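Colleague: I'm passing along work13.cif; it holds mmCIF, C-alpha atoms.
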data_data
#
loop_
_atom_site.group_PDB
_atom_site.id
_atom_site.type_symbol
_atom_site.label_atom_id
_atom_site.label_comp_id
_atom_site.auth_asym_id
_atom_site.auth_seq_id
_atom_site.Cartn_x
_atom_site.Cartn_y
_atom_site.Cartn_z
ATOM 1 C CA MET A 1211 -16.538 12.707 70.635
ATOM 2 C CA LYS A 1212 -15.612 13.619 67.075
ATOM 3 C CA SER A 1213 -16.231 10.038 65.853
ATOM 4 C CA LYS A 1214 -19.669 9.984 67.534
ATOM 5 C CA LEU A 1215 -20.609 13.213 65.771
ATOM 6 C CA ILE A 1216 -19.488 11.817 62.417
ATOM 7 C CA THR A 1217 -21.493 8.628 63.042
ATOM 8 C CA VAL A 1218 -24.620 10.624 63.919
ATOM 9 C CA ILE A 1219 -24.217 12.751 60.775
ATOM 10 C CA LEU A 1220 -23.761 9.675 58.567
ATOM 11 C CA VAL A 1221 -26.801 7.911 60.054
ATOM 12 C CA PHE A 1222 -28.941 11.047 59.725
ATOM 13 C CA SER A 1223 -27.715 11.557 56.168
ATOM 14 C CA SER A 1224 -28.534 7.982 55.122
ATOM 15 C CA VAL A 1225 -31.979 8.109 56.763
ATOM 16 C CA THR A 1226 -32.723 11.421 55.060
ATOM 17 C CA THR A 1227 -31.499 10.116 51.694
ATOM 18 C CA PHE A 1228 -33.585 6.948 52.035
ATOM 19 C CA SER A 1229 -36.628 8.962 53.057
ATOM 20 C CA GLN A 1230 -36.222 11.260 50.057
ATOM 21 C CA SER A 1231 -35.709 8.258 47.792
ATOM 22 C CA ILE A 1232 -38.888 6.491 48.923
ATOM 23 C CA GLU A 1233 -40.888 9.725 48.741
ATOM 24 C CA SER A 1234 -39.627 10.541 45.244
ATOM 25 C CA LEU A 1235 -40.269 6.907 44.247
ATOM 26 C CA LYS A 1236 -43.874 7.137 45.442
ATOM 27 C CA VAL A 1237 -44.411 10.329 43.435
ATOM 28 C CA ALA A 1238 -42.849 8.828 40.288
ATOM 29 C CA THR A 1239 -44.843 5.568 40.652
ATOM 30 C CA LYS A 1240 -48.069 7.524 40.973
ATOM 31 C CA LYS A 1241 -47.188 9.524 37.833
ATOM 32 C CA LEU A 1242 -46.535 6.331 35.870
ATOM 33 C CA TYR A 1243 -49.786 4.704 36.944
ATOM 34 C CA GLU A 1244 -51.742 7.918 36.228
ATOM 35 C CA ALA A 1245 -50.208 8.015 32.757
ATOM 36 C CA ASN A 1246 -51.411 4.445 32.183
ATOM 37 C CA TYR A 1247 -54.860 5.191 33.634
ATOM 38 C CA LEU A 1248 -55.245 8.348 31.515
ATOM 39 C CA MET A 1249 -53.608 6.679 28.496
ATOM 40 C CA ASP A 1250 -51.002 9.426 28.280
ATOM 41 C CA PHE A 1251 -48.660 7.333 26.162
ATOM 42 C CA GLN A 1252 -46.038 10.059 25.769
ATOM 43 C CA ALA A 1253 -45.759 10.327 29.577
ATOM 44 C CA ILE A 1254 -45.378 6.542 29.841
ATOM 45 C CA VAL A 1255 -42.440 6.674 27.427
ATOM 46 C CA SER A 1256 -40.838 9.608 29.281
ATOM 47 C CA LEU A 1257 -41.095 7.700 32.600
ATOM 48 C CA SER A 1258 -39.637 4.520 31.099
ATOM 49 C CA TYR A 1259 -36.033 3.468 31.615
ATOM 50 C CA PRO A 1260 -33.960 5.446 29.043
ATOM 51 C CA LYS A 1261 -31.781 2.548 27.868
ATOM 52 C CA MET A 1262 -34.924 0.558 27.114
ATOM 53 C CA VAL A 1263 -36.436 3.478 25.212
ATOM 54 C CA GLU A 1264 -33.164 3.895 23.300
ATOM 55 C CA THR A 1265 -32.932 0.162 22.500
ATOM 56 C CA VAL A 1266 -36.540 -0.165 21.335
ATOM 57 C CA GLY A 1267 -36.775 3.322 19.850
ATOM 58 C CA ALA A 1268 -39.070 5.978 21.317
ATOM 59 C CA ASP A 1269 -41.462 6.005 18.343
ATOM 60 C CA LEU A 1270 -41.726 2.216 18.199
ATOM 61 C CA LEU A 1271 -42.229 1.982 21.977
ATOM 62 C CA LEU A 1272 -44.949 4.627 21.790
ATOM 63 C CA GLU A 1273 -46.645 2.724 18.965
ATOM 64 C CA LYS A 1274 -46.476 -0.578 20.879
ATOM 65 C CA ILE A 1275 -47.970 0.981 24.016
ATOM 66 C CA GLU A 1276 -50.774 2.577 21.989
ATOM 67 C CA LYS A 1277 -51.566 -0.759 20.304
ATOM 68 C CA HIS A 1278 -51.536 -2.475 23.707
ATOM 69 C CA TYR A 1279 -54.310 -0.137 24.864
ATOM 70 C CA GLU A 1280 -56.252 0.336 21.641
ATOM 71 C CA ASN A 1281 -56.229 -1.760 18.524
ATOM 72 C CA GLU A 1282 -58.663 -3.195 15.985
ATOM 73 C CA GLU A 1283 -59.597 -6.077 18.293
ATOM 74 C CA TYR A 1284 -60.028 -4.504 21.748
ATOM 75 C CA ARG A 1285 -59.667 -1.463 24.011
ATOM 76 C CA LEU A 1286 -57.881 -1.912 27.345
ATOM 77 C CA ARG A 1287 -58.720 0.288 30.341
ATOM 78 C CA GLU A 1288 -57.297 0.449 33.853
ATOM 79 C CA GLN A 1289 -60.266 0.358 36.242
ATOM 80 C CA LEU A 1290 -59.088 2.128 39.380
ATOM 81 C CA GLU A 1291 -57.829 5.690 39.501
ATOM 82 C CA ILE A 1292 -55.803 5.176 42.687
ATOM 83 C CA LEU A 1293 -54.074 1.969 43.780
ATOM 84 C CA PRO A 1294 -52.174 0.892 46.900
ATOM 85 C CA PHE A 1295 -48.629 0.129 45.776
ATOM 86 C CA GLN A 1296 -46.437 -2.341 47.646
ATOM 87 C CA TYR A 1297 -42.798 -1.228 47.639
ATOM 88 C CA GLY A 1298 -39.994 -3.724 48.007
ATOM 89 C CA ILE A 1299 -36.687 -2.892 49.608
ATOM 90 C CA ILE A 1300 -34.703 -0.212 47.802
ATOM 91 C CA LYS A 1301 -31.443 -1.901 46.764
ATOM 92 C CA LYS A 1302 -28.228 -0.426 45.449
ATOM 93 C CA VAL A 1303 -26.586 -2.884 43.028
ATOM 94 C CA ALA A 1304 -23.762 -2.168 40.561
ATOM 95 C CA GLU A 1305 -24.101 1.638 40.713
ATOM 96 C CA LYS A 1306 -27.863 1.420 40.183
ATOM 97 C CA THR A 1307 -30.692 1.754 42.685
ATOM 98 C CA PHE A 1308 -33.646 -0.612 42.245
ATOM 99 C CA CYS A 1309 -37.068 -1.117 43.764
ATOM 100 C CA VAL A 1310 -39.682 -3.714 42.808
ATOM 101 C CA ILE A 1311 -43.231 -2.399 43.083
ATOM 102 C CA THR A 1312 -46.307 -4.620 42.970
ATOM 103 C CA PHE A 1313 -50.005 -3.841 43.055
ATOM 104 C CA ARG A 1314 -53.397 -5.438 42.447
ATOM 105 C CA ASN A 1315 -54.455 -4.109 39.063
ATOM 106 C CA PRO A 1316 -57.988 -4.675 37.765
ATOM 107 C CA MET A 1317 -58.308 -4.046 34.036
ATOM 108 C CA ARG A 1318 -61.064 -4.375 31.474
ATOM 109 C CA TYR A 1319 -60.711 -5.483 27.856
ATOM 110 C CA PHE A 1320 -63.599 -4.264 25.673
ATOM 111 C CA PHE A 1321 -63.812 -6.233 22.434
ATOM 112 C CA GLU A 1322 -64.909 -4.406 19.273
ATOM 113 C CA ASN A 1323 -66.774 -7.323 17.667
ATOM 114 C CA LYS A 1324 -69.472 -9.280 19.468
ATOM 115 C CA LEU A 1325 -67.921 -12.432 20.947
ATOM 116 C CA THR A 1326 -69.681 -15.761 20.567
ATOM 117 C CA PRO A 1327 -69.543 -18.209 23.499
ATOM 118 C CA GLU A 1328 -66.871 -20.232 21.674
ATOM 119 C CA ILE A 1329 -64.712 -17.184 20.858
ATOM 120 C CA SER A 1330 -65.168 -15.795 24.382
ATOM 121 C CA THR A 1331 -63.788 -19.063 25.802
ATOM 122 C CA GLN A 1332 -60.741 -18.749 23.542
ATOM 123 C CA LYS A 1333 -60.255 -15.080 24.456
ATOM 124 C CA LYS A 1334 -60.549 -15.907 28.160
ATOM 125 C CA ALA A 1335 -57.770 -18.514 27.872
ATOM 126 C CA TRP A 1336 -55.640 -16.024 25.908
ATOM 127 C CA LEU A 1337 -56.168 -13.265 28.512
ATOM 128 C CA GLN A 1338 -55.334 -15.674 31.332
ATOM 129 C CA GLU A 1339 -52.079 -16.555 29.578
ATOM 130 C CA ILE A 1340 -50.896 -13.042 28.655
ATOM 131 C CA ASN A 1341 -51.874 -11.614 32.054
ATOM 132 C CA ALA A 1342 -50.577 -14.600 34.072
ATOM 133 C CA THR A 1343 -53.797 -14.855 36.065
ATOM 134 C CA LYS A 1344 -56.767 -17.177 36.320
ATOM 135 C CA ASP A 1345 -59.021 -14.341 37.500
ATOM 136 C CA VAL A 1346 -60.629 -13.437 34.165
ATOM 137 C CA THR A 1347 -64.400 -12.962 33.910
ATOM 138 C CA PHE A 1348 -66.377 -12.521 30.707
ATOM 139 C CA GLU A 1349 -69.278 -10.065 30.815
ATOM 140 C CA PRO A 1350 -71.417 -10.771 27.728
ATOM 141 C CA THR A 1351 -73.650 -7.686 28.098
ATOM 142 C CA ARG A 1352 -70.585 -5.440 27.930
ATOM 143 C CA ASN A 1353 -68.717 -7.690 25.474
ATOM 144 C CA SER A 1354 -65.727 -7.355 27.774
ATOM 145 C CA PHE A 1355 -63.471 -9.208 30.167
ATOM 146 C CA ASN A 1356 -62.629 -8.124 33.672
ATOM 147 C CA VAL A 1357 -59.043 -9.144 34.494
ATOM 148 C CA ARG A 1358 -57.696 -9.051 38.044
ATOM 149 C CA LYS A 1359 -53.971 -9.527 38.411
ATOM 150 C CA THR A 1360 -50.898 -8.448 40.306
ATOM 151 C CA SER A 1361 -48.771 -6.065 38.270
ATOM 152 C CA THR A 1362 -45.058 -5.386 38.675
ATOM 153 C CA TYR A 1363 -43.007 -2.294 37.986
ATOM 154 C CA VAL A 1364 -39.237 -2.161 38.455
ATOM 155 C CA ALA A 1365 -37.958 1.309 39.325
ATOM 156 C CA ILE A 1366 -34.352 2.190 38.545
ATOM 157 C CA ALA A 1367 -32.317 5.281 39.366
ATOM 158 C CA ASP A 1368 -28.817 5.539 37.908
ATOM 159 C CA GLU A 1369 -26.541 7.776 35.840
ATOM 160 C CA THR A 1370 -28.690 7.334 32.705
ATOM 161 C CA THR A 1371 -31.753 8.648 34.567
ATOM 162 C CA SER A 1372 -29.878 11.485 36.332
ATOM 163 C CA ASN A 1373 -30.710 9.514 39.493
ATOM 164 C CA GLU A 1374 -34.437 10.083 38.911
ATOM 165 C CA TRP A 1375 -36.723 7.053 39.122
ATOM 166 C CA ARG A 1376 -37.582 5.489 35.764
ATOM 167 C CA PHE A 1377 -39.443 2.254 35.143
ATOM 168 C CA PHE A 1378 -39.915 -1.042 33.427
ATOM 169 C CA ASN A 1379 -43.507 -2.300 33.374
ATOM 170 C CA LEU A 1380 -43.003 -6.063 33.546
ATOM 171 C CA ASP A 1381 -46.632 -6.666 32.475
ATOM 172 C CA ASP A 1382 -45.676 -5.468 29.015
ATOM 173 C CA SER A 1383 -43.986 -8.333 27.158
ATOM 174 C CA ASN A 1384 -41.763 -5.948 25.173
ATOM 175 C CA GLN A 1385 -40.567 -4.193 28.319
ATOM 176 C CA LEU A 1386 -40.046 -7.525 30.079
ATOM 177 C CA THR A 1387 -37.853 -8.674 27.182
ATOM 178 C CA SER A 1388 -35.866 -5.413 27.343
ATOM 179 C CA PHE A 1389 -35.531 -5.735 31.113
ATOM 180 C CA LYS A 1390 -34.063 -9.224 30.735
ATOM 181 C CA SER A 1391 -31.617 -8.085 28.066
ATOM 182 C CA LEU A 1392 -30.497 -4.863 29.814
ATOM 183 C CA ILE A 1393 -30.372 -6.012 33.441
ATOM 184 C CA ASP A 1394 -27.879 -8.728 34.363
ATOM 185 C CA GLU A 1395 -29.309 -12.079 35.477
ATOM 186 C CA ASN A 1396 -27.535 -11.863 38.864
ATOM 187 C CA ILE A 1397 -29.187 -8.488 39.535
ATOM 188 C CA ARG A 1398 -32.577 -9.888 38.510
ATOM 189 C CA LYS A 1399 -32.060 -12.783 40.934
ATOM 190 C CA GLU A 1400 -31.103 -10.391 43.713
ATOM 191 C CA LEU A 1401 -34.319 -8.477 43.039
ATOM 192 C CA GLY A 1402 -36.300 -11.730 43.142
ATOM 193 C CA LEU A 1403 -37.276 -11.534 39.466
#
Please re-express this file's structure in structure tokens.
Modeller:
Amino acid sequence: MKSKLITVILVFSSVTTFSQSIESLKVATKKLYEANYLMDFQAIVSLSYPKMVETVGADLLLEKIEKHYENEEYRLREQLEILPFQYGIIKKVAEKTFCVITFRNPMRYFFENKLTPEISTQKKAWLQEINATKDVTFEPTRNSFNVRKTSTYVAIADETTSNEWRFFNLDDSNQLTSFKSLIDENIRKELGL
């Protein structure tokens, strides 16, 4: 009887913990996407994985994110305020908890200088390459490109995050590089990345 009670308590405890983890993950994911949508660059940095922020440097990371969204050549805007996120399985690996999150993410790049047909063809090829998608459409009247792609976040909770969810945005080449250097190859394989 005592062993059955212990089993029931353990099962209930693990279900409750998982439920709280997925709920807190959903809240944190929404905050990160909202920060990107609203271009709250400071919030993006604060929701990023601390070891990555430490490695890159908070000021440099903030500068890189700002330049990714607004620079002399273009302005990048997320198009949808709310997105349906697809959550992978929450996995505990090497004292860290991971979850891979994907979502369809339409974005628009507004170019500052009027693009000629030749330059727009070059920019389209460049946007297809950096966004890893073929779904790039030039809109000459708006001097912009509509880019539809699947984006990937990796959420991590561990001792460096006080077991709060923090993220890598694998769309960002700098964060992808940091992810590969900070997270062991075997863990990346286990996560399917």
Colleague: Which residue out of A:Ala1304, A:Leu1235, A:Val1357, A:Leu1386 has the minimum interatomic distance to Arg1287 of chain A when all atoms listed in the file are used?
Modeller: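 Checking each of A:Ala1304, A:Leu1235, A:Val1357, A:Leu1386 against Arg1287 of chain A, counting all atoms listed in the file, the winner is A:Val1357.
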Colleague: Go ahead and compute the interatomic distance for atom CA of Leu1293 of chain A and atom CA of Arg1318 of chain A, in Å to one decimal.
Modeller: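 Distance reported for this atom pair: 15.5 Å.
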Colleague: Give me the result of the PyMOL selection byres ((chain A and resi 1347) around 10) on this file, residue by residue, as a PDB file with C-alpha atoms, in the coordinates of the input.
Modeller:
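Wrote it out as selection02.pdb, contents follow:
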ATOM      1  CA  ARG A1318     -61.064  -4.375  31.474  1.00  0.00           C
ATOM      2  CA  SER A1330     -65.168 -15.795  24.382  1.00  0.00           C
ATOM      3  CA  LYS A1334     -60.549 -15.907  28.160  1.00  0.00           C
ATOM      4  CA  LEU A1337     -56.168 -13.265  28.512  1.00  0.00           C
ATOM      5  CA  GLN A1338     -55.334 -15.674  31.332  1.00  0.00           C
ATOM      6  CA  LYS A1344     -56.767 -17.177  36.320  1.00  0.00           C
ATOM      7  CA  ASP A1345     -59.021 -14.341  37.500  1.00  0.00           C
ATOM      8  CA  VAL A1346     -60.629 -13.437  34.165  1.00  0.00           C
ATOM      9  CA  PHE A1348     -66.377 -12.521  30.707  1.00  0.00           C
ATOM     10  CA  GLU A1349     -69.278 -10.065  30.815  1.00  0.00           C
ATOM     11  CA  PRO A1350     -71.417 -10.771  27.728  1.00  0.00           C
ATOM     12  CA  SER A1354     -65.727  -7.355  27.774  1.00  0.00           C
ATOM     13  CA  PHE A1355     -63.471  -9.208  30.167  1.00  0.00           C
ATOM     14  CA  ASN A1356     -62.629  -8.124  33.672  1.00  0.00           C
ATOM     15  CA  VAL A1357     -59.043  -9.144  34.494  1.00  0.00           C
ATOM     16  CA  ARG A1358     -57.696  -9.051  38.044  1.00  0.00           C
TER      17      ARG A1358
END
Colleague: Kindly indicate which residue among A:Glu1233, A:Glu1339, A:Asp1381, A:Glu1374 lies nearest to Ser1361 of chain A, using only C-alpha atoms for the distances.
Modeller: A:Asp1381
Colleague: Find, counting only C-alpha atoms, the residue in A:Met1262, A:Leu1271, A:Ile1366, A:Ile1340 that gets nearest to Ser1391 of chain A.
Modeller: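 Residue with the minimum atom-to-atom distance to Ser1391 of chain A: A:Met1262.
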Colleague: So that I can check the surroundings of Arg1398 of chain A, please list as a ChimeraX atom specification every protein, DNA and RNA residue that reaches within 12 Å of it, counting all atoms listed in the file and ignoring chain neighbours fewer than 2 positions away.
Modeller: /A:1301,1303-1304,1308-1310,1364,1386,1389-1396,1400-1403
Colleague: Selected by the PyMOL selection byres ((chain A and resi 1264-1268) around 12) in the shown coordinates: which residues, as a PDB file with C-alpha atoms, in the frame of the given file?
Modeller:
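Below is the file out.pdb, written as the result:
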ATOM      1  CA  PHE A1251     -48.660   7.333  26.162  1.00  0.00           C
ATOM      2  CA  GLN A1252     -46.038  10.059  25.769  1.00  0.00           C
ATOM      3  CA  ALA A1253     -45.759  10.327  29.577  1.00  0.00           C
ATOM      4  CA  ILE A1254     -45.378   6.542  29.841  1.00  0.00           C
ATOM      5  CA  VAL A1255     -42.440   6.674  27.427  1.00  0.00           C
ATOM      6  CA  SER A1256     -40.838   9.608  29.281  1.00  0.00           C
ATOM      7  CA  LEU A1257     -41.095   7.700  32.600  1.00  0.00           C
ATOM      8  CA  SER A1258     -39.637   4.520  31.099  1.00  0.00           C
ATOM      9  CA  TYR A1259     -36.033   3.468  31.615  1.00  0.00           C
ATOM     10  CA  PRO A1260     -33.960   5.446  29.043  1.00  0.00           C
ATOM     11  CA  LYS A1261     -31.781   2.548  27.868  1.00  0.00           C
ATOM     12  CA  MET A1262     -34.924   0.558  27.114  1.00  0.00           C
ATOM     13  CA  VAL A1263     -36.436   3.478  25.212  1.00  0.00           C
ATOM     14  CA  ASP A1269     -41.462   6.005  18.343  1.00  0.00           C
ATOM     15  CA  LEU A1270     -41.726   2.216  18.199  1.00  0.00           C
ATOM     16  CA  LEU A1271     -42.229   1.982  21.977  1.00  0.00           C
ATOM     17  CA  LEU A1272     -44.949   4.627  21.790  1.00  0.00           C
ATOM     18  CA  GLU A1273     -46.645   2.724  18.965  1.00  0.00           C
ATOM     19  CA  LYS A1274     -46.476  -0.578  20.879  1.00  0.00           C
ATOM     20  CA  ILE A1275     -47.970   0.981  24.016  1.00  0.00           C
ATOM     21  CA  THR A1370     -28.690   7.334  32.705  1.00  0.00           C
ATOM     22  CA  ASN A1384     -41.763  -5.948  25.173  1.00  0.00           C
ATOM     23  CA  GLN A1385     -40.567  -4.193  28.319  1.00  0.00           C
ATOM     24  CA  LEU A1386     -40.046  -7.525  30.079  1.00  0.00           C
ATOM     25  CA  THR A1387     -37.853  -8.674  27.182  1.00  0.00           C
ATOM     26  CA  SER A1388     -35.866  -5.413  27.343  1.00  0.00           C
ATOM     27  CA  PHE A1389     -35.531  -5.735  31.113  1.00  0.00           C
ATOM     28  CA  SER A1391     -31.617  -8.085  28.066  1.00  0.00           C
ATOM     29  CA  LEU A1392     -30.497  -4.863  29.814  1.00  0.00           C
TER      30      LEU A1392
END
